[in-house]
>>> print(open('input.cif').read())   # mmCIF, C-alpha atoms
data_upload
#
loop_
_atom_site.group_PDB
_atom_site.id
_atom_site.type_symbol
_atom_site.label_atom_id
_atom_site.label_comp_id
_atom_site.auth_asym_id
_atom_site.auth_seq_id
_atom_site.Cartn_x
_atom_site.Cartn_y
_atom_site.Cartn_z
ATOM 1 C CA MET Z 1 -0.247 0.280 12.498
ATOM 2 C CA LYS Z 2 -0.872 -2.825 14.511
ATOM 3 C CA PHE Z 3 0.806 -6.090 13.547
ATOM 4 C CA ARG Z 4 -0.406 -9.476 14.696
ATOM 5 C CA SER Z 5 0.921 -12.908 13.817
ATOM 6 C CA ILE Z 6 -1.467 -15.813 14.367
ATOM 7 C CA PHE Z 7 0.359 -18.813 15.846
ATOM 8 C CA LEU Z 8 3.339 -19.030 13.494
ATOM 9 C CA LEU Z 9 4.024 -22.738 14.024
ATOM 10 C CA PRO Z 10 6.047 -24.881 11.649
ATOM 11 C CA PHE Z 11 4.244 -24.866 8.328
ATOM 12 C CA LEU Z 12 4.297 -28.650 7.904
ATOM 13 C CA LEU Z 13 1.733 -28.943 10.682
ATOM 14 C CA SER Z 14 -0.724 -27.098 8.489
ATOM 15 C CA LEU Z 15 -0.631 -29.828 5.870
ATOM 16 C CA THR Z 16 -1.731 -32.602 8.214
ATOM 17 C CA SER Z 17 -5.083 -31.190 9.222
ATOM 18 C CA CYS Z 18 -7.377 -28.360 8.267
ATOM 19 C CA THR Z 19 -10.184 -28.809 10.777
ATOM 20 C CA SER Z 20 -10.078 -25.185 11.930
ATOM 21 C CA ASP Z 21 -8.769 -23.808 8.660
ATOM 22 C CA LEU Z 22 -10.758 -21.613 6.335
ATOM 23 C CA SER Z 23 -11.590 -23.312 3.029
ATOM 24 C CA VAL Z 24 -13.669 -23.081 -0.146
ATOM 25 C CA LYS Z 25 -14.513 -25.682 -2.774
ATOM 26 C CA THR Z 26 -14.605 -25.418 -6.540
ATOM 27 C CA ASP Z 27 -17.556 -26.671 -8.589
ATOM 28 C CA ALA Z 28 -15.491 -29.770 -9.394
ATOM 29 C CA GLY Z 29 -14.969 -30.581 -5.705
ATOM 30 C CA GLU Z 30 -11.359 -29.437 -5.414
ATOM 31 C CA SER Z 31 -10.583 -27.093 -2.539
ATOM 32 C CA TYR Z 32 -8.403 -24.230 -1.421
ATOM 33 C CA TYR Z 33 -7.763 -23.706 2.255
ATOM 34 C CA VAL Z 34 -5.723 -21.365 4.408
ATOM 35 C CA PRO Z 35 -3.923 -22.855 7.424
ATOM 36 C CA GLU Z 36 -4.569 -20.585 10.384
ATOM 37 C CA ASN Z 37 -0.927 -20.642 11.423
ATOM 38 C CA THR Z 38 0.089 -18.912 8.172
ATOM 39 C CA VAL Z 39 -2.187 -15.901 8.631
ATOM 40 C CA ILE Z 40 -0.602 -12.560 9.536
ATOM 41 C CA THR Z 41 -2.776 -9.474 9.988
ATOM 42 C CA THR Z 42 -1.797 -5.812 10.055
ATOM 43 C CA SER Z 43 -4.355 -3.113 10.822
ATOM 44 C CA TYR Z 44 -4.211 0.530 9.742
ATOM 45 C CA ASP Z 45 -6.090 3.355 11.449
ATOM 46 C CA LYS Z 46 -6.540 7.116 11.251
ATOM 47 C CA ASP Z 47 -3.097 7.889 12.717
ATOM 48 C CA ASP Z 48 -1.432 5.628 10.142
ATOM 49 C CA PHE Z 49 -3.330 7.406 7.377
ATOM 50 C CA LEU Z 50 -2.255 10.864 8.536
ATOM 51 C CA ILE Z 51 1.398 9.822 8.889
ATOM 52 C CA LYS Z 52 1.568 8.099 5.501
ATOM 53 C CA PHE Z 53 -0.265 10.947 3.768
ATOM 54 C CA LYS Z 54 2.176 13.488 5.223
ATOM 55 C CA VAL Z 55 5.233 11.422 4.248
ATOM 56 C CA LEU Z 56 3.953 11.029 0.676
ATOM 57 C CA GLN Z 57 3.226 14.742 0.234
ATOM 58 C CA GLU Z 58 6.566 15.778 1.735
ATOM 59 C CA SER Z 59 8.313 13.381 -0.639
ATOM 60 C CA ARG Z 60 6.481 14.934 -3.595
ATOM 61 C CA ALA Z 61 7.413 18.427 -2.420
ATOM 62 C CA ASN Z 62 11.066 17.528 -1.826
ATOM 63 C CA SER Z 63 11.392 16.250 -5.375
ATOM 64 C CA TYR Z 64 11.060 19.865 -6.546
ATOM 65 C CA LEU Z 65 13.924 20.918 -4.288
ATOM 66 C CA GLY Z 66 15.877 18.142 -5.967
ATOM 67 C CA PHE Z 67 15.089 19.655 -9.380
ATOM 68 C CA ILE Z 68 16.500 22.984 -8.172
ATOM 69 C CA GLU Z 69 19.733 21.315 -7.001
ATOM 70 C CA GLN Z 70 20.093 19.403 -10.268
ATOM 71 C CA ASN Z 71 19.599 22.549 -12.318
ATOM 72 C CA ASN Z 72 22.102 24.512 -10.212
ATOM 73 C CA SER Z 73 24.646 21.731 -10.561
ATOM 74 C CA ALA Z 74 24.150 21.628 -14.329
ATOM 75 C CA PHE Z 75 24.583 25.407 -14.495
ATOM 76 C CA GLU Z 76 27.835 25.263 -12.495
ATOM 77 C CA ASN Z 77 29.215 22.521 -14.758
ATOM 78 C CA CYS Z 78 28.275 24.590 -17.780
ATOM 79 C CA ASP Z 79 29.883 27.709 -16.312
ATOM 80 C CA ASP Z 80 33.117 25.778 -15.700
ATOM 81 C CA GLY Z 81 33.137 24.621 -19.314
ATOM 82 C CA SER Z 82 33.699 26.293 -22.640
ATOM 83 C CA LEU Z 83 30.495 28.390 -22.668
ATOM 84 C CA SER Z 84 30.278 31.868 -21.175
ATOM 85 C CA THR Z 85 28.342 32.573 -17.979
ATOM 86 C CA GLU Z 86 25.752 34.488 -20.018
ATOM 87 C CA GLN Z 87 25.225 31.501 -22.315
ATOM 88 C CA CYS Z 88 24.868 29.124 -19.361
ATOM 89 C CA LEU Z 89 22.426 31.497 -17.651
ATOM 90 C CA ASP Z 90 20.360 31.572 -20.833
ATOM 91 C CA ILE Z 91 20.267 27.737 -20.979
ATOM 92 C CA TYR Z 92 19.628 26.857 -17.334
ATOM 93 C CA LYS Z 93 17.987 30.031 -15.978
ATOM 94 C CA PRO Z 94 18.863 29.153 -12.336
ATOM 95 C CA GLU Z 95 16.907 31.999 -10.704
ATOM 96 C CA GLU Z 96 13.796 31.424 -12.794
ATOM 97 C CA THR Z 97 14.000 27.655 -12.239
ATOM 98 C CA LYS Z 98 14.437 28.111 -8.500
ATOM 99 C CA ASN Z 99 11.397 30.379 -8.253
ATOM 100 C CA LYS Z 100 9.266 28.011 -10.356
ATOM 101 C CA TYR Z 101 10.063 24.864 -8.357
ATOM 102 C CA GLN Z 102 10.090 26.623 -4.987
ATOM 103 C CA ALA Z 103 6.533 27.749 -5.737
ATOM 104 C CA LYS Z 104 5.526 24.152 -6.479
ATOM 105 C CA TYR Z 105 7.209 22.985 -3.269
ATOM 106 C CA ASP Z 106 5.384 25.605 -1.196
ATOM 107 C CA SER Z 107 2.077 24.855 -2.896
ATOM 108 C CA ILE Z 108 2.240 21.130 -2.091
ATOM 109 C CA LEU Z 109 3.109 21.758 1.562
ATOM 110 C CA ASN Z 110 0.378 24.376 1.950
ATOM 111 C CA GLN Z 111 -2.201 22.033 0.443
ATOM 112 C CA MET Z 112 -0.906 19.191 2.609
ATOM 113 C CA ASN Z 113 -1.404 21.226 5.780
ATOM 114 C CA LEU Z 114 -4.944 22.182 4.757
ATOM 115 C CA SER Z 115 -5.765 18.558 3.957
ATOM 116 C CA LEU Z 116 -4.314 17.321 7.249
ATOM 117 C CA LYS Z 117 -6.552 19.706 9.188
ATOM 118 C CA LYS Z 118 -9.555 18.502 7.207
ATOM 119 C CA TYR Z 119 -8.724 14.821 7.632
ATOM 120 C CA GLU Z 120 -7.996 15.259 11.329
ATOM 121 C CA ASN Z 121 -11.579 16.369 11.887
ATOM 122 C CA GLU Z 122 -13.498 14.435 9.246
ATOM 123 C CA ILE Z 123 -12.165 10.949 8.564
ATOM 124 C CA LEU Z 124 -13.045 7.760 10.411
ATOM 125 C CA ALA Z 125 -11.335 7.528 13.799
ATOM 126 C CA GLY Z 126 -11.162 3.722 14.073
ATOM 127 C CA ILE Z 127 -9.462 1.021 12.013
ATOM 128 C CA HIS Z 128 -9.590 1.852 8.305
ATOM 129 C CA TRP Z 129 -8.532 -1.500 6.911
ATOM 130 C CA VAL Z 130 -6.753 -4.743 7.652
ATOM 131 C CA LYS Z 131 -4.086 -6.320 5.474
ATOM 132 C CA ILE Z 132 -4.165 -10.125 5.686
ATOM 133 C CA ARG Z 133 -1.147 -12.083 4.497
ATOM 134 C CA TYR Z 134 -1.827 -15.780 4.001
ATOM 135 C CA LYS Z 135 -0.519 -18.917 2.283
ATOM 136 C CA PRO Z 136 -3.244 -20.902 0.507
ATOM 137 C CA VAL Z 137 -3.066 -24.649 -0.068
ATOM 138 C CA TYR Z 138 -4.677 -26.357 -3.049
ATOM 139 C CA LYS Z 139 -6.142 -29.843 -2.560
ATOM 140 C CA ASN Z 140 -7.177 -31.895 -5.605
ATOM 141 C CA LEU Z 141 -9.791 -34.657 -5.860
ATOM 142 C CA ASN Z 142 -7.212 -37.298 -4.909
ATOM 143 C CA GLY Z 143 -6.440 -35.475 -1.668
ATOM 144 C CA GLU Z 144 -3.016 -34.341 -2.876
ATOM 145 C CA LYS Z 145 -1.986 -30.959 -1.505
ATOM 146 C CA ARG Z 146 0.129 -28.216 -3.032
ATOM 147 C CA VAL Z 147 1.241 -25.112 -1.169
ATOM 148 C CA LEU Z 148 0.729 -21.955 -3.227
ATOM 149 C CA GLU Z 149 2.589 -18.652 -3.072
ATOM 150 C CA SER Z 150 1.803 -16.257 -0.244
ATOM 151 C CA ALA Z 151 -0.727 -13.556 -0.986
ATOM 152 C CA GLU Z 152 -2.339 -10.569 0.668
ATOM 153 C CA VAL Z 153 -5.872 -9.232 0.746
ATOM 154 C CA ALA Z 154 -7.105 -5.804 1.829
ATOM 155 C CA CYS Z 155 -10.216 -5.780 4.023
ATOM 156 C CA PHE Z 156 -11.653 -2.260 4.218
ATOM 157 C CA ASN Z 157 -13.913 -0.980 6.937
ATOM 158 C CA PRO Z 158 -17.411 -0.644 5.384
ATOM 159 C CA ASP Z 159 -17.781 2.750 7.122
ATOM 160 C CA LEU Z 160 -14.718 4.163 5.336
ATOM 161 C CA ASN Z 161 -15.644 6.660 2.618
ATOM 162 C CA LYS Z 162 -14.571 6.086 -0.984
ATOM 163 C CA GLU Z 163 -12.145 9.034 -1.119
ATOM 164 C CA VAL Z 164 -10.087 7.771 1.822
ATOM 165 C CA LYS Z 165 -10.267 4.173 0.576
ATOM 166 C CA ASP Z 166 -8.915 5.245 -2.835
ATOM 167 C CA MET Z 167 -6.144 7.201 -1.129
ATOM 168 C CA TRP Z 168 -5.198 4.157 0.954
ATOM 169 C CA ASN Z 169 -4.765 2.214 -2.294
ATOM 170 C CA ASP Z 170 -2.108 4.767 -3.279
ATOM 171 C CA LEU Z 171 -0.492 4.986 0.164
ATOM 172 C CA GLU Z 172 -0.095 1.294 1.008
ATOM 173 C CA LYS Z 173 0.366 -1.554 -1.463
ATOM 174 C CA TYR Z 174 -0.421 -5.203 -0.954
ATOM 175 C CA ASP Z 175 0.418 -8.378 -2.910
ATOM 176 C CA SER Z 176 -2.874 -9.658 -4.241
ATOM 177 C CA LYS Z 177 -3.150 -13.102 -5.819
ATOM 178 C CA LEU Z 178 -5.046 -13.948 -8.981
ATOM 179 C CA PHE Z 179 -6.572 -17.377 -8.527
ATOM 180 C CA LYS Z 180 -7.120 -19.600 -11.540
ATOM 181 C CA GLU Z 181 -10.808 -19.672 -10.638
ATOM 182 C CA ILE Z 182 -11.597 -16.054 -9.884
ATOM 183 C CA MET Z 183 -14.851 -16.624 -8.011
ATOM 184 C CA VAL Z 184 -13.152 -19.171 -5.739
ATOM 185 C CA GLY Z 185 -10.482 -16.588 -4.915
ATOM 186 C CA ILE Z 186 -13.113 -13.953 -4.205
ATOM 187 C CA ARG Z 187 -15.002 -16.293 -1.878
ATOM 188 C CA LEU Z 188 -11.809 -17.316 -0.094
ATOM 189 C CA GLU Z 189 -10.699 -13.742 0.504
ATOM 190 C CA ARG Z 190 -14.183 -12.699 1.593
ATOM 191 C CA LYS Z 191 -14.078 -15.427 4.225
ATOM 192 C CA LEU Z 192 -10.637 -14.263 5.335
ATOM 193 C CA CYS Z 193 -11.942 -10.731 5.809
ATOM 194 C CA GLU Z 194 -14.997 -11.956 7.717
ATOM 195 C CA LYS Z 195 -12.860 -14.046 10.060
ATOM 196 C CA TYR Z 196 -9.841 -11.845 10.690
ATOM 197 C CA ALA Z 197 -10.819 -8.220 10.003
ATOM 198 C CA LYS Z 198 -12.620 -6.862 13.045
ATOM 199 C CA PHE Z 199 -13.843 -3.288 12.916
#
>>> encode(input="input.cif", output="structure tokens")
Amino acid sequence: MKFRSIFLLPFLLSLTSCTSDLSVKTDAGESYYVPENTVITTSYDKDDFLIKFKVLQESRANSYLGFIEQNNSAFENCDDGSLSTEQCLDIYKPEETKNKYQAKYDSILNQMNLSLKKYENEILAGIHWVKIRYKPVYKNLNGEKRVLESAEVACFNPDLNKEVKDMWNDLEKYDSKLFKEIMVGIRLERKLCEKYAKF
């Protein structure tokens, strides 16, 4: 993962001029623009994908080990209580539960290793996508400006296949922004991707 901050100068400077800033206009003539000094980009490549995929699958697998520990603990508490060992064994079935969840744990890790070998050979080697964090500014017809909340947009490499793109959406989240005028937001974020996401 490569992180790049673009000239993080004091934000007030961005409100005085937008000559080199990216902007779009609404049908009514209002505008949204993004001061260049608020843009932060982070790129993700094949290595990032493999690492994040492995971490996610190991986390899923480890949850089943957690279920085994919880069940064993519940059995021990039961056995220390008023019920007999036989009754507690009948309720919690520790050996059966262990075998069931251990099998799920092993299955996830085996599938993970197979998938990693496949992805290592088949998926795109370059940058998969770029996350762009930015702070838009709204300017009305009177020239008054209002700084909006920060947002993020995901710019995916057009050569990335749909399966990997969908998996990235599960692996790495980003804070998207819903603009009041949806088409304006789409145009703004498309321009951001064109300017800052280099594949």
>>> closest_atom_pairs(input="input.cif", of="region 102-173 of chain Z", to="region 61-73 of chain Z", cutoff="9 Å", atoms="only C-alpha atoms", output="JSON lines")
{"residue": "Z:Gln102", "atom": "CA", "partner": "Z:Leu65", "partner_atom": "CA", "distance": 6.9}
{"residue": "Z:Lys104", "atom": "CA", "partner": "Z:Tyr64", "partner_atom": "CA", "distance": 7.0}
{"residue": "Z:Tyr105", "atom": "CA", "partner": "Z:Ala61", "partner_atom": "CA", "distance": 4.6}
{"residue": "Z:Asp106", "atom": "CA", "partner": "Z:Ala61", "partner_atom": "CA", "distance": 7.6}
{"residue": "Z:Ser107", "atom": "CA", "partner": "Z:Ala61", "partner_atom": "CA", "distance": 8.4}
{"residue": "Z:Ile108", "atom": "CA", "partner": "Z:Ala61", "partner_atom": "CA", "distance": 5.8}
{"residue": "Z:Leu109", "atom": "CA", "partner": "Z:Ala61", "partner_atom": "CA", "distance": 6.7}
>>> closest_atom_pairs(input="input.cif", of="region 131-170 of chain Z", to="region 40-57 of chain Z", cutoff="6 Å", atoms="only C-alpha atoms", output="tab-separated table")
residue	atom	partner	partner_atom	distance
Z:Lys131	CA	Z:Thr42	CA	5.1
Z:Ile132	CA	Z:Thr41	CA	4.6
Z:Arg133	CA	Z:Ile40	CA	5.1
>>> write_last_selection(input="input.cif", atoms="C-alpha atoms", output="PDB file, in the coordinates of the input")
ATOM      1  CA  LYS Z 131      -4.086  -6.320   5.474  1.00  0.00           C
ATOM      2  CA  ILE Z 132      -4.165 -10.125   5.686  1.00  0.00           C
ATOM      3  CA  ARG Z 133      -1.147 -12.083   4.497  1.00  0.00           C
TER       4      ARG Z 133
END
>>> resolve_selection(input="input.cif", expression="the PyMOL selection byres ((chain Z and resi 183-193) around 7)", output="PyMOL selection string")
chain Z and resi 23-24+26+153+155+179+181-182+194-197
>>> atom_distance(input="input.cif", atom1="CA of Asp175 (chain Z)", atom2="CA of Val34 (chain Z)")
16.1 Å
>>> atom_distance(input="input.cif", atom1="CA of Asn142 (chain Z)", atom2="CA of Asp27 (chain Z)")
15.3 Å
>>> closest_residue(input="input.cif", among="Z:Tyr101, Z:Tyr92, Z:Phe199, Z:Phe75", to="Val130 (chain Z)", atoms="all atoms listed in the file")
Z:Phe199
>>> atom_distance(input="input.cif", atom1="CA of Tyr134 (chain Z)", atom2="CA of Asn37 (chain Z)")
8.9 Å
>>> closest_residue(input="input.cif", among="Z:Leu160, Z:Leu116, Z:Ala154, Z:Glu86", to="Glu172 (chain Z)", atoms="only C-alpha atoms")
Z:Ala154
>>> axis_aligned_box(input="input.cif", around="region 180-184 of chain Z", padding_each_side="8 Å", output="JSON")
{"center_x": -11.0, "center_y": -17.9, "center_z": -8.6, "size_x": 23.7, "size_y": 19.6, "size_z": 21.8}
>>> closest_residue(input="input.cif", among="Z:Lys118, Z:His128, Z:Lys135, Z:Arg146", to="Met167 (chain Z)", atoms="all atoms listed in the file")
Z:His128
>>> resolve_selection(input="input.cif", expression="the PyMOL selection byres ((chain Z and resi 33) around 7)", output="NGL selection string")
:Z and (21-24 or 31-32 or 34-35 or 136-138)
>>> residues_around(input="input.cif", residues="Glu76 (chain Z)", least_positions_apart="6", cutoff="12 Å", atoms="all atoms listed in the file", output="ChimeraX atom specification")
/Z:69-70,82-85,87-89,91-94
>>> write_last_selection(input="input.cif", atoms="C-alpha atoms", output="short mmCIF file (atom, residue, chain, number, x, y, z; two decimals), in the coordinates of the input")
data_model
loop_
_atom_site.label_atom_id
_atom_site.label_comp_id
_atom_site.auth_asym_id
_atom_site.auth_seq_id
_atom_site.Cartn_x
_atom_site.Cartn_y
_atom_site.Cartn_z
CA GLU Z 69 19.73 21.32 -7.00
CA GLN Z 70 20.09 19.40 -10.27
CA SER Z 82 33.70 26.29 -22.64
CA LEU Z 83 30.50 28.39 -22.67
CA SER Z 84 30.28 31.87 -21.18
CA THR Z 85 28.34 32.57 -17.98
CA GLN Z 87 25.22 31.50 -22.32
CA CYS Z 88 24.87 29.12 -19.36
CA LEU Z 89 22.43 31.50 -17.65
CA ILE Z 91 20.27 27.74 -20.98
CA TYR Z 92 19.63 26.86 -17.33
CA LYS Z 93 17.99 30.03 -15.98
CA PRO Z 94 18.86 29.15 -12.34
#
>>> closest_residue(input="input.cif", among="Z:Asp159, Z:Lys165, Z:Cys78, Z:Lys177", to="Leu124 (chain Z)", atoms="only C-alpha atoms")
Z:Asp159
